[in-house]
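Encoded as structure tokens, the structure appears first; notes follow it.
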Amino acid sequence: MTASFGRRAWLRYSAAMSEQNHLYLVDGSGYIFRAYHQLPPLTNRHGQPAGAVYGYTAMLWKLAADLHHADGPTHLAVIFDKSSKTFRNDLYDQYKANRPPAPEDLIPQFPMIRDATRAFSLPCIEEEGFEADDIIASYTVEAVKRGWHVTIVSSDKDLAQLIQPGVDMLDTMKNERRGPGYVQDKFGVDPDKLGDVLALMGDSVDNVPGVPGIGPKTAAKLITEYGTLDAVLAAAPAMKPSKMRDNLIEHEGMARLSRQLVELHREVPLPDPLDDLVLGAIPPEPLREFLTYHGFNSLLTRLDGSSAGAGGAMTSPNAPRVQMKLAGTEEGGAPKADPAPGFMAMPPIDRSLYETVTSEDALDRWIAEARAEGIVAIDTETDALDSITARLVGISLSTGPGRACYIPLAHGGTDMFAEKPDQLDAGWTLARLKPLLEDEGVLKIGHNLKYDLNVLDRAAAGIGGLRIAPFDDTILMSFDLEAGKGLAGHGMDEAARAHLDHACIGFKDVAGTGKKAISFAEVPLDRATEYAAEDAEVTLRLWHRFKPRLHAEGVTRVYELVDRPLVPVIAAMERTGIKVDRDYLSRLSGEFADGILALEKEIHEYAGQPFSIGSPKQLGEILFDKLGHKGGKKGKAGGYSTDVTILEKLKAEGSEISGKVLEWRQFSKLKSTYTDALQAQINPATGRVHTSYSLTGAQTGRLSSTDPNLQNIPIRTEIGRQIRDAFIAEEGKLLLAADYSQIELRLAAHMADVPALKEAFLAGEDIHAATAQELFGRVDRETRGRAKTINFAILYGISRWGLAARLEITPDEAQDMIARYYDRFPGIGVYIGDTLEKARATGFTQTLFGRKTWFPRIKAAIQHERQGAERAAINAPIQGTSADIIKRAMARMGPALERAGLAETRMLLQVHDELVFEVPEADAEAAGAVIREVMENAASPLVTISVPLAVEVGTGKSWGAAH
DNA sequence: GAGTTCACG
DNA sequence: GACGTACGTGAACTCT
């Protein structure tokens, strides 16, 4: 049989013999966009964007693999839109006119997707002047006439008009089959009435006008009631007077036009006869070639694995079916979301390829290679975690997959007489690398480059320091793409696991842990090379993953204009540090110690026994069990809660021991967290304290500060405030503190567009007093205080219970107050509603600068989790915009000061809405003016804020005095 | 390492 | 009817 029949002929014969033909019509064009948006923006082996191609290929694979299933395809074709102009544009020139142009990195994928189709040897159909929908409709009509089953592979709701007995739809991305019930569920009518419903409701995506004010619900109601669009329009004048009636009459023409636009053209001449669409053996060779070209390795593996046993695929008509079955169903047939480890644009990481660079020639080779590639990832190895004291131990570079090296510089410890491995001189190496690192034509990539910048700049002090430019930072890319999106952090190991499916060698694996831990300088060179070079290669690979995503996901602006410029700025702030008065702190520590001792005695006397006051467990037992105070259990572990609100309450009820415990807590907090800790943090070499800022620590885009945290130095109480006086200026200089006044409320007024609040800010009024006037009709201490609480509650995402607890009123009263606020400040309610709606629809919120924060729990089934996410989502755009603005100010500050001849003014600290500078006394006034100017105008020109941003500036010998 | 408490914006 | 109450952080301490 095979000898006398051609392949196609046989297939036609075999299809005719099967009991039930089943035609699959794939909406190729519709699929491209969904695959593009739903899949990560992968690149293929040639660095071309290919995410949509991969998604599409995987989907075809799965469909073809279903061939053998009872309801699988016997015939299959992929239909594409040929051009953007169709007969619908002649009907209505605005049709699809609001479509944004296809994303830049999608355009090259269109032809690649047609290639994919051909690689599967599948018919690829398109027709000038018609949309894919019309061709699909026409094939459907023809197939139904012949009694075939039809499955339309698409998620386009317009195509749901074709659903009927024997015709269904398949949404492969949601893995959902849709019959008539789907249309009923979703649109409230049968598929044959769907066109009328769509005509009434319109479609903003295709720019089908419809009738204003009529959405899916009303449209379905009308069509159900009157039967057809014509009947609805005819009946309109007789309807009871309403806006809807008026709209139906006024927009009758548009409704009829919309009907034509959504109508599918069902009589397009079929470009290929139905029988030619038969699906049979898929020759493996073209497919293999295609998969190999792109580097779709996971699919390639399946192809090879499955065809190995089916040798005669090309000659035996039965074999191909077996082949595809094996190929496509081995994993339950879900290749579409397969982030297959094999689908890396690059070969797997192979640590045996790394080179240890110990000669000048070898280093020069690597520098030349970096120049040739125009791109190099860099990572430094040191002997400590903090970048200010850490000593440079080695540098790793990577110029491409499998191309990475490690340059040891200080291995073998510090003992100058000990035997050390052969390695290059650090000073010579840095001098050699400097031109490369500063070469405008070579992009440098780091993962948390701020760290490397600090280490390298200090190590290169002898040669005038080191800049790195231009650069990209993959930790910031990760943060800007996915803040809040599940990953705990954005560190290299975690990022490599998440995005490269690769487990890096752990630091512990090379250096050990606990007592046996050794410095990286003690790690043998072979191990050190594997570890360090891997980090550089991983950084480079992460960059390849992230770079195309920045644009595709709309975060280029925040990355390039807000976060990335901050890296050298923050690095410089960390290196500068701030002077701290050790003697003063030591005196304070002593005073606090005395206070603690005296209080301890008193507390033990009240308790009638000694106990550990710092233990909430013991304290709870003393207060509630022994002394009989009431306060109930609260904590998760069943213990008593003894926090400040409880103790304040007890104190107000006359419990003297509670008051003493509060005082004791304040003293011991101040001593252990601040006066003692801060002294220990003074860098002996500089006499200053150098905090470390994290640019990726806070989901909203704020910075965070650690080791020590200089963003929570006391200020609210008089005793705590004394600690601020320990932060001082050098001789002949002053500290200058510049604060944004009420920046978050100002942003809320702008973003929610609240007229009353905006006016108050424009008039320079006391905003809490103005709020009190508006809410309570009078301003005094009490009403202003309440207004202030409510204003903050709004920023934080209000709940009646939260507000009730703060104001010590009932939740009902709090609810009334919230309602009053919404009433007096229209805009707030709308803002909250819109923000939540968008967060639920997209999964993220955005700042005015485009910063995304993801809220995966916004749809959590557990109420309090969901509500927590909602509150955070309400706050994030405001807190995040504020963070963006001060970051813009910081990035511009250095150049602005320099232009003004104030280069000696140094920025030291950032505390969310405050910047602290050290300035020569003589320059204080001029610097204050420049700083204010930069901060107040930091949003523009990127973003225009409709309320002024006010900045308060103060100076003094200490931070305390500068406020 | 989790839980509690408390310092900041 | 209970949930645990505001958003974002980091550090110190206790106890398992």
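Convention: chains lettered A, B, ... in structure tokens order; per-chain residue numbering from 1; ligands numbered from 1 as shown.
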
For this session: Apply DSSP to the backbone of this structure and, from region 392-517 of chain A, keep only the residues in helix (DSSP H, G or I); write these as a PyMOL selection string.
Result: chain A and resi 426-437+449-459+461-463+474-482+492-500+507-511+514-516

Sort by chain and increasing residue number a table of all residues of chain C within 6 Å of chain A, each with its closest pair of atoms and their distance in Å to one decimal, counting only C-alpha atoms (C1' of nucleotides), and write it as a Markdown table.
| residue | atom | partner | partner_atom | distance |
| --- | --- | --- | --- | --- |
| C:DT5 | C1' | A:Gly802 | CA | 4.8 |
| C:DA6 | C1' | A:Tyr796 | CA | 5.4 |
| C:DC7 | C1' | A:Tyr796 | CA | 4.4 |
| C:DT14 | C1' | A:Ser615 | CA | 5.7 |

Can you write out the residues you just picked, keeping N, CA, C and O atoms (P, O5', C5', C4', C3', O3' and C1' of nucleotides), as a PDB file, in the first residue's frame?
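Saved the output as part-v7.pdb:
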ATOM      1  P    DT C   5      -2.434  41.961  64.985  1.00  0.00           P
ATOM      2  O5'  DT C   5      -2.684  43.453  64.498  1.00  0.00           O
ATOM      3  C5'  DT C   5      -4.012  43.971  64.714  1.00  0.00           C
ATOM      4  C4'  DT C   5      -4.315  44.897  63.603  1.00  0.00           C
ATOM      5  C3'  DT C   5      -4.649  46.269  64.151  1.00  0.00           C
ATOM      6  O3'  DT C   5      -3.488  47.093  64.225  1.00  0.00           O
ATOM      7  C1'  DT C   5      -6.444  45.422  62.778  1.00  0.00           C
ATOM      8  P    DA C   6      -2.507  47.821  63.342  1.00  0.00           P
ATOM      9  O5'  DA C   6      -3.396  48.469  62.163  1.00  0.00           O
ATOM     10  C5'  DA C   6      -4.115  47.630  61.271  1.00  0.00           C
ATOM     11  C4'  DA C   6      -4.072  48.171  59.861  1.00  0.00           C
ATOM     12  C3'  DA C   6      -2.682  48.298  59.245  1.00  0.00           C
ATOM     13  O3'  DA C   6      -2.750  47.938  57.869  1.00  0.00           O
ATOM     14  C1'  DA C   6      -3.699  50.447  59.426  1.00  0.00           C
ATOM     15  P    DC C   7      -1.652  46.932  57.374  1.00  0.00           P
ATOM     16  O5'  DC C   7      -0.749  47.891  56.474  1.00  0.00           O
ATOM     17  C5'  DC C   7      -1.237  48.304  55.200  1.00  0.00           C
ATOM     18  C4'  DC C   7      -0.189  49.159  54.541  1.00  0.00           C
ATOM     19  C3'  DC C   7       1.223  48.593  54.609  1.00  0.00           C
ATOM     20  O3'  DC C   7       1.450  47.706  53.543  1.00  0.00           O
ATOM     21  C1'  DC C   7       1.227  50.889  55.225  1.00  0.00           C
ATOM     22  P    DT C  14      17.209  38.739  76.939  1.00  0.00           P
ATOM     23  O5'  DT C  14      15.947  37.810  76.610  1.00  0.00           O
ATOM     24  C5'  DT C  14      14.627  38.281  76.870  1.00  0.00           C
ATOM     25  C4'  DT C  14      13.625  37.189  76.531  1.00  0.00           C
ATOM     26  C3'  DT C  14      13.972  35.827  77.144  1.00  0.00           C
ATOM     27  O3'  DT C  14      12.782  35.265  77.651  1.00  0.00           O
ATOM     28  C1'  DT C  14      13.784  35.627  74.786  1.00  0.00           C
TER      29       DT C  14
END

Problem set entry | Distance filter 7 Å, only C-alpha atoms (C1' of nucleotides), chain B against chain A, as a list of chain:residue names |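 Result: B:DT5, B:DA7, B:DC8, B:DG9.
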
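The coordinates place CA of Leu122 (chain A) at 12.5 Å from CA of Pro284 (chain A).
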
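Secondary structure of region 708-859 of chain A, strand (DSSP E) only (DSSP, backbone atoms): Phe727, Ile728, Lys733, Leu734, Leu735, Leu736, Ala737, Ala738, Asp739, Tyr740, Phe844, Thr845, Gln846, Lys852, Thr853 and Trp854 of chain A.
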
Problem set entry | Option closest in space to DT9 (chain C), from A:Trp664, A:Ala929, A:Ser694, A:Thr117 [counting only C-alpha atoms (C1' of nucleotides)] |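 Answer, going by the shortest atom-to-atom distance: A:Ser694.
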